[in-house]
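**Q** Below is one structure. I have some questions about it.
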Number of protein chains: 2
Amino acid sequence: MSIMVCMHSEDIKEELREKGIKNTRAKSLLLHILKNAEAPMDVNNLHAECQKETSVNLVTVYRTLQQFHEKALVEEFMGKDGANQYEYIPEGSIAHPHFQCEKCNKVICLEELGFDDALYFSNRAKHHKINSIHIMLNGVCEECLSLP
Amino acid sequence: MSIMVCMHSEDIKEELREKGIKNTRAKSLLLHILKNAEAPMDVNNLHAECQKETSVNLVTVYRTLQQFHEKALVEEFMGKDGANQYEYIPEGSIAHPHFQCEKCNKVICLEELGFDDALYFSNRAKHHKINSIHIMLNGVCEECLSLP
DNA sequence: TTGTAAATGCAATATATTTGCATTTACATA
DNA sequence: TATGTAAATGCAAATATATTGCATTTACAA
């Protein structure tokens with residue numbers, strides 16, 4: 001991971017600068033982890049991942065994720081377990097549904113829809129201002145199904 | 001409200017009995033409120049609504065909602081604000097998307113989809129066991145938009 | 001009528017998240 | 001390069017939220 005952080009550091013620095021965020025250890029590390037994640041992560045996942053690299057306070061992780069979300073660097077949505085999930089969405093990419101396991105709380109990204117969900121669903125709430133749309137499937141994941 | 005509770009009491013009693021739940025003040029009142037609600041409600045909404053009628057402990061509301069969900073009397077899903085939402089789904093009715101306001105946290109039911117969402121989305125998570133699907137739109141509701 | 005399991009309320013506990021504040025850090029600019 | 005300033009950080013404490021334990025009450029079947 002440390003090699004990766006170094007390799008990508010220029011991109012990360014630039015992305016933080018664009019958003020007016022200081023390039024600190026915690027900020028660049030968290031953005032790096034989020035950009036390379038395969039699925040949304042919650043505060044604890046991200047905090048644990050940070051610890052592999054260096055010591056970062058849990059409060060800092062909370063505050064950084066809030067900031068990233070406010071500055072539209074990442075998407076935020078509430079998981080089935082009541083913990084916010086964070087996901088880096090590359091410029092111009094299309095939203096996709098998620099699955100979250102009720103046993104282990106792991107979140108998995110699913111294939112994107114075959115149509116424009118924003119248009120399709122937002123017609124149903126014309127009088128409100130829509131900021132985000134989330135499709136969440138819940139149940140038991142393959143791994144947990146195979147447990148005793 | 002008290003008149004309504006009396007009018008519907010036989011239906012409610014029967015429904016509780018079917019699920020093996022004792023017909024107590026709190027249980028029948030909560031089921032009544034949920035069956036007559038226009039939109040999903042959270043623990044605090046439901047507790048407040050109960051107080052209009054009679055005194056019910058908040059812990060009892062928590063425990064009752066858990067039980068109703070376990071016995072499949074109501075649907076449970078997590079709101080944007082981290083509070084579980086509960087909704088009574090009549091036998092044979094079709095799922096619908098929801099909108100939740102980021103300012104006041106109110107949840108609104110939207111028109112049902114024009115296709116079978118369970119089939120459509122669950123194809124994307126074939127290896128997992130799907131228990132529920134929720135489509136949630138977030139933003140600012142009409143009422144909050146009109147505030148200063 | 002009465003035995004028993006379920007339901008309830010209250011207090012205490014556990015957990016998650018936020019806030020206050022002193023200190024440190026990044027970074028613009030002098 | 002030095003330095004002023006606002007942002008970022010860590011720690012402790014506060015707050016908010018949800019759960020548990022336990023004694024008491026209640027519904028309801030036998």
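Chain lettering (A, B, ...) mirrors the order of the structure tokens, residue numbering begins at 1 for each chain separately, and ligand numbering begins at 1 in order of display.
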Over every C-alpha pair, in sequence order, do a least-squares fit of chain B onto chain A and save the fitted chain as a compact mmCIF listing (two decimals) with N, CA and C atoms, in the first residue's frame.
**A**
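Wrote it out as out19.txt, contents follow:
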# COMPACT_ATOMS: atom_id res chain seq x y z
N MET B 1 0.84 -1.23 0.02
CA MET B 1 0.00 -0.02 0.06
C MET B 1 0.84 1.26 0.05
N SER B 2 1.91 1.27 0.80
CA SER B 2 2.73 2.49 0.87
C SER B 2 3.28 2.86 -0.50
N ILE B 3 3.67 1.85 -1.27
CA ILE B 3 4.18 2.10 -2.61
C ILE B 3 3.09 2.75 -3.47
N MET B 4 1.90 2.18 -3.34
CA MET B 4 0.76 2.71 -4.10
C MET B 4 0.51 4.18 -3.77
N VAL B 5 0.55 4.49 -2.48
CA VAL B 5 0.29 5.87 -2.06
C VAL B 5 1.29 6.80 -2.75
N CYS B 6 2.58 6.39 -2.76
CA CYS B 6 3.60 7.21 -3.38
C CYS B 6 3.35 7.36 -4.87
N MET B 7 3.04 6.23 -5.54
CA MET B 7 2.83 6.25 -6.99
C MET B 7 1.72 7.23 -7.38
N HIS B 8 0.64 7.21 -6.59
CA HIS B 8 -0.52 8.01 -6.96
C HIS B 8 -0.51 9.40 -6.32
N SER B 9 0.51 9.68 -5.59
CA SER B 9 0.45 10.88 -4.76
C SER B 9 0.22 12.17 -5.55
N GLU B 10 0.75 12.24 -6.76
CA GLU B 10 0.56 13.48 -7.52
C GLU B 10 -0.89 13.70 -7.93
N ASP B 11 -1.53 12.63 -8.41
CA ASP B 11 -2.95 12.67 -8.76
C ASP B 11 -3.78 13.09 -7.55
N ILE B 12 -3.50 12.43 -6.45
CA ILE B 12 -4.27 12.65 -5.23
C ILE B 12 -4.10 14.09 -4.75
N LYS B 13 -2.83 14.53 -4.70
CA LYS B 13 -2.52 15.90 -4.30
C LYS B 13 -3.32 16.89 -5.14
N GLU B 14 -3.27 16.67 -6.45
CA GLU B 14 -3.94 17.56 -7.40
C GLU B 14 -5.44 17.61 -7.12
N GLU B 15 -6.01 16.43 -6.89
CA GLU B 15 -7.46 16.32 -6.66
C GLU B 15 -7.86 17.04 -5.38
N LEU B 16 -7.04 16.92 -4.36
CA LEU B 16 -7.32 17.61 -3.10
C LEU B 16 -7.21 19.12 -3.30
N ARG B 17 -6.16 19.55 -3.99
CA ARG B 17 -5.92 20.97 -4.22
C ARG B 17 -7.11 21.59 -4.95
N GLU B 18 -7.58 20.89 -5.98
CA GLU B 18 -8.75 21.37 -6.76
C GLU B 18 -9.95 21.67 -5.88
N LYS B 19 -10.10 20.86 -4.83
CA LYS B 19 -11.26 21.03 -3.95
C LYS B 19 -10.97 21.93 -2.77
N GLY B 20 -9.78 22.47 -2.73
CA GLY B 20 -9.41 23.36 -1.62
C GLY B 20 -9.20 22.64 -0.30
N ILE B 21 -8.70 21.41 -0.41
CA ILE B 21 -8.43 20.60 0.79
C ILE B 21 -6.92 20.47 0.94
N LYS B 22 -6.43 20.65 2.15
CA LYS B 22 -4.99 20.55 2.40
C LYS B 22 -4.49 19.13 2.18
N ASN B 23 -3.32 19.01 1.62
CA ASN B 23 -2.73 17.70 1.34
C ASN B 23 -2.01 17.15 2.57
N THR B 24 -2.79 16.54 3.45
CA THR B 24 -2.19 15.97 4.66
C THR B 24 -2.17 14.46 4.56
N ARG B 25 -1.47 13.85 5.49
CA ARG B 25 -1.33 12.40 5.54
C ARG B 25 -2.69 11.72 5.51
N ALA B 26 -3.56 12.15 6.41
CA ALA B 26 -4.87 11.51 6.53
C ALA B 26 -5.71 11.71 5.27
N LYS B 27 -5.73 12.91 4.74
CA LYS B 27 -6.57 13.22 3.58
C LYS B 27 -6.12 12.44 2.36
N SER B 28 -4.82 12.44 2.09
CA SER B 28 -4.35 11.75 0.89
C SER B 28 -4.50 10.25 1.03
N LEU B 29 -4.25 9.75 2.23
CA LEU B 29 -4.39 8.31 2.45
C LEU B 29 -5.84 7.87 2.27
N LEU B 30 -6.76 8.62 2.85
CA LEU B 30 -8.17 8.25 2.74
C LEU B 30 -8.66 8.35 1.29
N LEU B 31 -8.25 9.39 0.60
CA LEU B 31 -8.68 9.52 -0.79
C LEU B 31 -8.11 8.38 -1.63
N HIS B 32 -6.88 8.04 -1.35
CA HIS B 32 -6.25 6.91 -2.06
C HIS B 32 -7.02 5.61 -1.83
N ILE B 33 -7.34 5.36 -0.58
CA ILE B 33 -8.06 4.12 -0.26
C ILE B 33 -9.42 4.11 -0.97
N LEU B 34 -10.12 5.23 -0.90
CA LEU B 34 -11.44 5.31 -1.52
C LEU B 34 -11.37 5.14 -3.04
N LYS B 35 -10.36 5.73 -3.65
CA LYS B 35 -10.24 5.64 -5.11
C LYS B 35 -9.91 4.23 -5.56
N ASN B 36 -9.28 3.47 -4.69
CA ASN B 36 -8.88 2.11 -5.07
C ASN B 36 -9.80 1.03 -4.53
N ALA B 37 -10.85 1.44 -3.81
CA ALA B 37 -11.76 0.47 -3.22
C ALA B 37 -12.66 -0.14 -4.29
N GLU B 38 -12.99 -1.40 -4.10
CA GLU B 38 -13.87 -2.09 -5.05
C GLU B 38 -15.33 -1.86 -4.73
N ALA B 39 -15.59 -1.41 -3.50
CA ALA B 39 -16.96 -1.24 -3.05
C ALA B 39 -16.99 -0.12 -2.01
N PRO B 40 -18.18 0.38 -1.71
CA PRO B 40 -18.27 1.42 -0.68
C PRO B 40 -17.72 0.90 0.65
N MET B 41 -17.21 1.81 1.46
CA MET B 41 -16.66 1.44 2.78
C MET B 41 -17.25 2.36 3.83
N ASP B 42 -17.32 1.87 5.06
CA ASP B 42 -17.81 2.72 6.15
C ASP B 42 -16.63 3.23 6.99
N VAL B 43 -16.94 4.05 7.99
CA VAL B 43 -15.88 4.69 8.79
C VAL B 43 -14.93 3.67 9.38
N ASN B 44 -15.47 2.58 9.89
CA ASN B 44 -14.60 1.60 10.54
C ASN B 44 -13.70 0.86 9.56
N ASN B 45 -14.26 0.47 8.42
CA ASN B 45 -13.44 -0.13 7.36
C ASN B 45 -12.28 0.80 7.02
N LEU B 46 -12.62 2.06 6.79
CA LEU B 46 -11.63 3.03 6.35
C LEU B 46 -10.60 3.30 7.43
N HIS B 47 -11.06 3.38 8.66
CA HIS B 47 -10.13 3.61 9.77
C HIS B 47 -9.15 2.45 9.90
N ALA B 48 -9.69 1.24 9.82
CA ALA B 48 -8.85 0.05 9.91
C ALA B 48 -7.83 0.03 8.78
N GLU B 49 -8.29 0.36 7.58
CA GLU B 49 -7.39 0.37 6.42
C GLU B 49 -6.27 1.40 6.61
N CYS B 50 -6.61 2.54 7.17
CA CYS B 50 -5.61 3.58 7.45
C CYS B 50 -4.54 3.07 8.40
N GLN B 51 -4.98 2.34 9.42
CA GLN B 51 -4.04 1.88 10.45
C GLN B 51 -2.93 1.00 9.88
N LYS B 52 -3.22 0.33 8.76
CA LYS B 52 -2.20 -0.52 8.14
C LYS B 52 -1.00 0.32 7.70
N GLU B 53 -1.30 1.57 7.44
CA GLU B 53 -0.27 2.47 6.88
C GLU B 53 0.35 3.36 7.95
N THR B 54 -0.53 3.98 8.73
CA THR B 54 -0.07 4.94 9.72
C THR B 54 -1.20 5.19 10.71
N SER B 55 -0.89 5.83 11.82
CA SER B 55 -1.92 6.05 12.83
C SER B 55 -2.77 7.28 12.49
N VAL B 56 -4.08 7.05 12.37
CA VAL B 56 -5.01 8.15 12.12
C VAL B 56 -6.15 8.04 13.11
N ASN B 57 -6.49 9.14 13.74
CA ASN B 57 -7.57 9.14 14.73
C ASN B 57 -8.92 8.91 14.07
N LEU B 58 -9.78 8.16 14.76
CA LEU B 58 -11.11 7.87 14.20
C LEU B 58 -11.90 9.15 13.94
N VAL B 59 -11.74 10.12 14.82
CA VAL B 59 -12.44 11.41 14.65
C VAL B 59 -12.01 12.08 13.35
N THR B 60 -10.75 11.97 13.04
CA THR B 60 -10.24 12.55 11.80
C THR B 60 -10.88 11.88 10.59
N VAL B 61 -11.09 10.56 10.69
CA VAL B 61 -11.72 9.85 9.59
C VAL B 61 -13.16 10.34 9.42
N TYR B 62 -13.90 10.44 10.52
CA TYR B 62 -15.26 10.98 10.46
C TYR B 62 -15.27 12.35 9.78
N ARG B 63 -14.41 13.23 10.25
CA ARG B 63 -14.41 14.60 9.74
C ARG B 63 -13.98 14.66 8.28
N THR B 64 -13.03 13.84 7.92
CA THR B 64 -12.55 13.84 6.54
C THR B 64 -13.63 13.35 5.58
N LEU B 65 -14.34 12.31 5.99
CA LEU B 65 -15.39 11.77 5.12
C LEU B 65 -16.51 12.79 4.93
N GLN B 66 -16.86 13.47 6.01
CA GLN B 66 -17.87 14.53 5.90
C GLN B 66 -17.42 15.58 4.89
N GLN B 67 -16.16 15.97 5.02
CA GLN B 67 -15.62 16.99 4.12
C GLN B 67 -15.60 16.51 2.67
N PHE B 68 -15.12 15.30 2.46
CA PHE B 68 -15.08 14.74 1.10
C PHE B 68 -16.47 14.74 0.49
N HIS B 69 -17.46 14.40 1.30
CA HIS B 69 -18.82 14.37 0.78
C HIS B 69 -19.33 15.78 0.48
N GLU B 70 -19.05 16.71 1.39
CA GLU B 70 -19.48 18.11 1.16
C GLU B 70 -18.85 18.68 -0.11
N LYS B 71 -17.60 18.31 -0.34
CA LYS B 71 -16.90 18.83 -1.52
C LYS B 71 -17.13 17.95 -2.75
N ALA B 72 -18.06 17.02 -2.63
CA ALA B 72 -18.45 16.16 -3.75
C ALA B 72 -17.31 15.30 -4.28
N LEU B 73 -16.38 14.93 -3.42
CA LEU B 73 -15.32 14.01 -3.82
C LEU B 73 -15.82 12.57 -3.77
N VAL B 74 -16.75 12.30 -2.85
CA VAL B 74 -17.29 10.95 -2.70
C VAL B 74 -18.80 10.99 -2.50
N GLU B 75 -19.43 9.87 -2.83
CA GLU B 75 -20.86 9.69 -2.56
C GLU B 75 -21.03 9.15 -1.15
N GLU B 76 -22.10 9.54 -0.51
CA GLU B 76 -22.41 9.05 0.83
C GLU B 76 -23.81 8.45 0.82
N PHE B 77 -23.95 7.25 1.36
CA PHE B 77 -25.31 6.74 1.55
C PHE B 77 -25.36 5.88 2.81
N MET B 78 -26.54 5.77 3.35
CA MET B 78 -26.72 5.09 4.63
C MET B 78 -26.88 3.59 4.42
N GLY B 79 -26.10 2.81 5.12
CA GLY B 79 -26.21 1.36 5.02
C GLY B 79 -27.32 0.80 5.89
N LYS B 80 -27.67 -0.44 5.62
CA LYS B 80 -28.70 -1.17 6.36
C LYS B 80 -28.43 -1.17 7.87
N ASP B 81 -27.14 -1.17 8.22
CA ASP B 81 -26.73 -1.26 9.62
C ASP B 81 -26.63 0.11 10.29
N GLY B 82 -27.03 1.16 9.59
CA GLY B 82 -27.02 2.50 10.19
C GLY B 82 -25.68 3.20 10.12
N ALA B 83 -24.75 2.63 9.37
CA ALA B 83 -23.45 3.28 9.19
C ALA B 83 -23.38 3.86 7.78
N ASN B 84 -22.94 5.11 7.67
CA ASN B 84 -22.79 5.71 6.35
C ASN B 84 -21.74 4.98 5.53
N GLN B 85 -22.02 4.83 4.26
CA GLN B 85 -21.08 4.20 3.34
C GLN B 85 -20.54 5.27 2.40
N TYR B 86 -19.25 5.17 2.07
CA TYR B 86 -18.62 6.16 1.19
C TYR B 86 -18.02 5.48 -0.03
N GLU B 87 -18.25 6.10 -1.18
CA GLU B 87 -17.78 5.51 -2.43
C GLU B 87 -17.27 6.62 -3.35
N TYR B 88 -16.09 6.41 -3.90
CA TYR B 88 -15.54 7.36 -4.87
C TYR B 88 -16.17 7.09 -6.22
N ILE B 89 -16.76 8.12 -6.82
CA ILE B 89 -17.39 7.96 -8.12
C ILE B 89 -16.59 8.76 -9.15
N PRO B 90 -15.90 8.05 -10.05
CA PRO B 90 -15.10 8.76 -11.05
C PRO B 90 -15.98 9.68 -11.91
N GLU B 91 -15.39 10.77 -12.32
CA GLU B 91 -16.02 11.75 -13.22
C GLU B 91 -16.76 11.04 -14.36
N GLY B 92 -18.04 11.38 -14.54
CA GLY B 92 -18.78 10.87 -15.69
C GLY B 92 -19.22 9.43 -15.62
N SER B 93 -18.98 8.77 -14.50
CA SER B 93 -19.40 7.37 -14.43
C SER B 93 -20.86 7.27 -14.03
N ILE B 94 -21.43 6.10 -14.26
CA ILE B 94 -22.87 5.90 -14.08
C ILE B 94 -23.16 5.22 -12.75
N ALA B 95 -24.23 5.63 -12.11
CA ALA B 95 -24.61 5.05 -10.81
C ALA B 95 -24.97 3.58 -10.96
N HIS B 96 -24.81 2.82 -9.89
CA HIS B 96 -25.13 1.40 -9.91
C HIS B 96 -25.79 1.01 -8.59
N PRO B 97 -26.57 -0.07 -8.59
CA PRO B 97 -27.21 -0.54 -7.35
C PRO B 97 -26.17 -1.21 -6.44
N HIS B 98 -26.54 -1.40 -5.19
CA HIS B 98 -25.67 -2.09 -4.24
C HIS B 98 -26.42 -3.21 -3.54
N PHE B 99 -25.65 -4.16 -3.06
CA PHE B 99 -26.18 -5.22 -2.21
C PHE B 99 -25.46 -5.11 -0.87
N GLN B 100 -26.21 -5.23 0.23
CA GLN B 100 -25.54 -5.27 1.55
C GLN B 100 -26.03 -6.48 2.31
N CYS B 101 -25.05 -7.23 2.84
CA CYS B 101 -25.37 -8.45 3.58
C CYS B 101 -25.85 -8.09 4.99
N GLU B 102 -26.94 -8.74 5.39
CA GLU B 102 -27.52 -8.48 6.71
C GLU B 102 -26.70 -9.12 7.84
N LYS B 103 -25.86 -10.10 7.49
CA LYS B 103 -25.05 -10.78 8.51
C LYS B 103 -23.74 -10.04 8.73
N CYS B 104 -22.95 -9.88 7.67
CA CYS B 104 -21.60 -9.30 7.83
C CYS B 104 -21.55 -7.82 7.47
N ASN B 105 -22.65 -7.29 6.95
CA ASN B 105 -22.77 -5.87 6.57
C ASN B 105 -21.90 -5.46 5.39
N LYS B 106 -21.26 -6.41 4.75
CA LYS B 106 -20.42 -6.06 3.60
C LYS B 106 -21.29 -5.51 2.47
N VAL B 107 -20.77 -4.50 1.77
CA VAL B 107 -21.48 -3.91 0.64
C VAL B 107 -20.80 -4.33 -0.65
N ILE B 108 -21.62 -4.70 -1.64
CA ILE B 108 -21.11 -5.14 -2.93
C ILE B 108 -21.74 -4.28 -4.02
N CYS B 109 -20.95 -3.88 -5.00
CA CYS B 109 -21.49 -3.11 -6.12
C CYS B 109 -22.10 -4.06 -7.15
N LEU B 110 -23.26 -3.69 -7.65
CA LEU B 110 -23.92 -4.51 -8.68
C LEU B 110 -23.82 -3.78 -10.03
N GLU B 111 -24.12 -4.54 -11.08
CA GLU B 111 -24.11 -3.96 -12.44
C GLU B 111 -25.00 -2.72 -12.51
N GLU B 112 -24.56 -1.78 -13.29
CA GLU B 112 -25.39 -0.58 -13.47
C GLU B 112 -26.69 -0.94 -14.20
N LEU B 113 -27.66 -0.06 -14.10
CA LEU B 113 -28.96 -0.31 -14.71
C LEU B 113 -28.89 -0.15 -16.23
N GLY B 114 -29.86 -0.72 -16.90
CA GLY B 114 -29.91 -0.60 -18.34
C GLY B 114 -30.67 0.62 -18.81
N PHE B 115 -30.93 1.54 -17.88
CA PHE B 115 -31.66 2.76 -18.27
C PHE B 115 -31.27 3.89 -17.33
N ASP B 116 -31.72 5.08 -17.64
CA ASP B 116 -31.34 6.25 -16.84
C ASP B 116 -32.21 6.34 -15.59
N ASP B 117 -31.70 5.84 -14.48
CA ASP B 117 -32.50 5.77 -13.27
C ASP B 117 -32.87 7.16 -12.75
N ALA B 118 -31.96 8.11 -12.92
CA ALA B 118 -32.22 9.46 -12.40
C ALA B 118 -33.49 10.01 -13.04
N LEU B 119 -33.59 9.85 -14.35
CA LEU B 119 -34.75 10.35 -15.08
C LEU B 119 -36.00 9.55 -14.70
N TYR B 120 -35.84 8.24 -14.71
CA TYR B 120 -36.97 7.34 -14.48
C TYR B 120 -37.63 7.56 -13.13
N PHE B 121 -36.80 7.58 -12.09
CA PHE B 121 -37.37 7.66 -10.74
C PHE B 121 -37.73 9.08 -10.34
N SER B 122 -36.97 10.04 -10.85
CA SER B 122 -37.18 11.40 -10.36
C SER B 122 -38.50 11.98 -10.87
N ASN B 123 -39.02 11.42 -11.94
CA ASN B 123 -40.36 11.82 -12.41
C ASN B 123 -41.41 11.60 -11.32
N ARG B 124 -41.11 10.69 -10.43
CA ARG B 124 -42.07 10.34 -9.37
C ARG B 124 -42.03 11.29 -8.19
N ALA B 125 -41.08 12.21 -8.21
CA ALA B 125 -40.97 13.15 -7.10
C ALA B 125 -40.72 14.56 -7.63
N LYS B 126 -41.56 14.94 -8.55
CA LYS B 126 -41.34 16.19 -9.30
C LYS B 126 -41.30 17.44 -8.44
N HIS B 127 -42.04 17.43 -7.34
CA HIS B 127 -42.12 18.65 -6.55
C HIS B 127 -40.99 18.79 -5.54
N HIS B 128 -40.14 17.79 -5.49
CA HIS B 128 -39.03 17.82 -4.54
C HIS B 128 -37.72 17.96 -5.29
N LYS B 129 -36.68 18.41 -4.58
CA LYS B 129 -35.36 18.52 -5.19
C LYS B 129 -34.60 17.22 -4.93
N ILE B 130 -34.26 16.51 -5.98
CA ILE B 130 -33.59 15.21 -5.84
C ILE B 130 -32.08 15.41 -5.87
N ASN B 131 -31.39 14.95 -4.86
CA ASN B 131 -29.93 15.04 -4.83
C ASN B 131 -29.26 13.71 -5.14
N SER B 132 -29.90 12.62 -4.80
CA SER B 132 -29.29 11.32 -5.05
C SER B 132 -30.34 10.22 -5.08
N ILE B 133 -30.00 9.13 -5.73
CA ILE B 133 -30.89 7.97 -5.84
C ILE B 133 -30.08 6.73 -5.50
N HIS B 134 -30.61 5.91 -4.60
CA HIS B 134 -29.89 4.68 -4.25
C HIS B 134 -30.80 3.48 -4.35
N ILE B 135 -30.30 2.46 -5.00
CA ILE B 135 -31.02 1.19 -5.06
C ILE B 135 -30.23 0.20 -4.22
N MET B 136 -30.87 -0.32 -3.19
CA MET B 136 -30.17 -1.19 -2.25
C MET B 136 -30.90 -2.52 -2.12
N LEU B 137 -30.18 -3.60 -2.38
CA LEU B 137 -30.71 -4.95 -2.16
C LEU B 137 -30.13 -5.45 -0.84
N ASN B 138 -30.96 -6.07 -0.04
CA ASN B 138 -30.50 -6.64 1.22
C ASN B 138 -30.79 -8.12 1.28
N GLY B 139 -29.94 -8.82 2.01
CA GLY B 139 -30.12 -10.25 2.16
C GLY B 139 -28.88 -10.86 2.77
N VAL B 140 -28.52 -12.05 2.30
CA VAL B 140 -27.34 -12.72 2.84
C VAL B 140 -26.38 -13.01 1.69
N CYS B 141 -25.13 -12.61 1.85
CA CYS B 141 -24.15 -12.76 0.77
C CYS B 141 -23.70 -14.21 0.62
N GLU B 142 -23.13 -14.50 -0.51
CA GLU B 142 -22.66 -15.85 -0.86
C GLU B 142 -21.80 -16.43 0.26
N GLU B 143 -20.87 -15.62 0.74
CA GLU B 143 -19.94 -16.09 1.77
C GLU B 143 -20.66 -16.47 3.06
N CYS B 144 -21.56 -15.59 3.51
CA CYS B 144 -22.30 -15.87 4.76
C CYS B 144 -23.27 -17.04 4.59
N LEU B 145 -23.78 -17.22 3.39
CA LEU B 145 -24.68 -18.35 3.12
C LEU B 145 -23.96 -19.67 3.35
N SER B 146 -22.66 -19.67 3.07
CA SER B 146 -21.89 -20.92 3.15
C SER B 146 -21.36 -21.20 4.55
N LEU B 147 -21.66 -20.30 5.49
CA LEU B 147 -21.20 -20.51 6.87
C LEU B 147 -22.14 -21.47 7.62
N PRO B 148 -21.63 -22.12 8.68
CA PRO B 148 -22.41 -23.10 9.46
C PRO B 148 -23.63 -22.50 10.16
**Q** With 9 Å as the limit and counting only C-alpha atoms (C1' of nucleotides), what residues in chain C lie close to chain A? Please list them as a list of chain:residue names.
**A**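 Going by the stated atoms only, the list reads C:DT17, C:DT18, C:DT25, C:DA26, C:DC27.
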**Q** Hey, can you spit out that residue selection with N, CA and C atoms (P, O5', C5', C4', C3', O3' and C1' of nucleotides) as a short mmCIF file (atom, residue, chain, number, x, y, z; two decimals), in the first residue's frame?
**A**
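Now in out-v2.cif:
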data_model
loop_
_atom_site.label_atom_id
_atom_site.label_comp_id
_atom_site.auth_asym_id
_atom_site.auth_seq_id
_atom_site.Cartn_x
_atom_site.Cartn_y
_atom_site.Cartn_z
P DT C 17 -21.73 5.57 13.63
"O5'" DT C 17 -21.60 7.07 14.14
"C5'" DT C 17 -22.81 7.80 14.38
"C4'" DT C 17 -22.47 9.10 15.06
"C3'" DT C 17 -21.49 9.99 14.28
"O3'" DT C 17 -22.23 11.12 13.83
"C1'" DT C 17 -21.06 9.98 16.63
P DT C 18 -21.59 12.41 13.17
"O5'" DT C 18 -21.37 13.36 14.43
"C5'" DT C 18 -22.47 13.60 15.30
"C4'" DT C 18 -22.06 14.60 16.36
"C3'" DT C 18 -21.30 15.83 15.83
"O3'" DT C 18 -21.98 16.97 16.36
"C1'" DT C 18 -20.08 14.81 17.59
P DT C 25 3.42 18.31 13.48
"O5'" DT C 25 2.71 18.89 12.18
"C5'" DT C 25 1.50 18.28 11.73
"C4'" DT C 25 0.96 19.10 10.59
"C3'" DT C 25 1.99 19.43 9.52
"O3'" DT C 25 1.62 18.73 8.36
"C1'" DT C 25 0.62 21.32 10.06
P DA C 26 2.46 18.76 6.99
"O5'" DA C 26 1.61 19.83 6.19
"C5'" DA C 26 0.27 19.50 5.83
"C4'" DA C 26 -0.36 20.64 5.06
"C3'" DA C 26 0.34 21.02 3.76
"O3'" DA C 26 -0.69 21.26 2.81
"C1'" DA C 26 0.28 22.90 5.21
P DC C 27 -0.40 21.47 1.27
"O5'" DC C 27 -0.27 23.05 1.15
"C5'" DC C 27 -1.39 23.86 1.48
"C4'" DC C 27 -0.97 25.30 1.47
"C3'" DC C 27 -0.01 25.69 0.33
"O3'" DC C 27 -0.41 26.95 -0.16
"C1'" DC C 27 0.85 26.42 2.34
#
**Q** Please return, as an MDAnalysis selection string, all residues of chain D lying within 9 Å of chain A when only C-alpha atoms (C1' of nucleotides) are considered.
**A** chainID D and resid 7:10
**Q** Name the residues in contact with DG21 in chain D at a cut-off of 12 Å, using only C-alpha atoms (C1' of nucleotides), excluding same-chain residues fewer than 3 positions from it; report them as a list of chain:residue names.
**A** C:DC10, C:DA11, C:DA12, C:DT13
**Q** So that I can check the secondary structure, give me every residue of chain A assigned strand (DSSP E) by backbone DSSP, as a list in words.
**A**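 DSSP-assigned strand (DSSP E) residues in chain A: Met41, Asp42, Glu75, Glu76, Phe77, Met78, Asn84, Gln85, Tyr86, Glu87, His98, Phe99, Gln100, Cys101, Val107, Ile108, Cys109, Lys129, Ile130, Asn131, Ser132, Ile133, His134, Ile135, Met136, Leu137, Asn138, Gly139 and Val140 of chain A.
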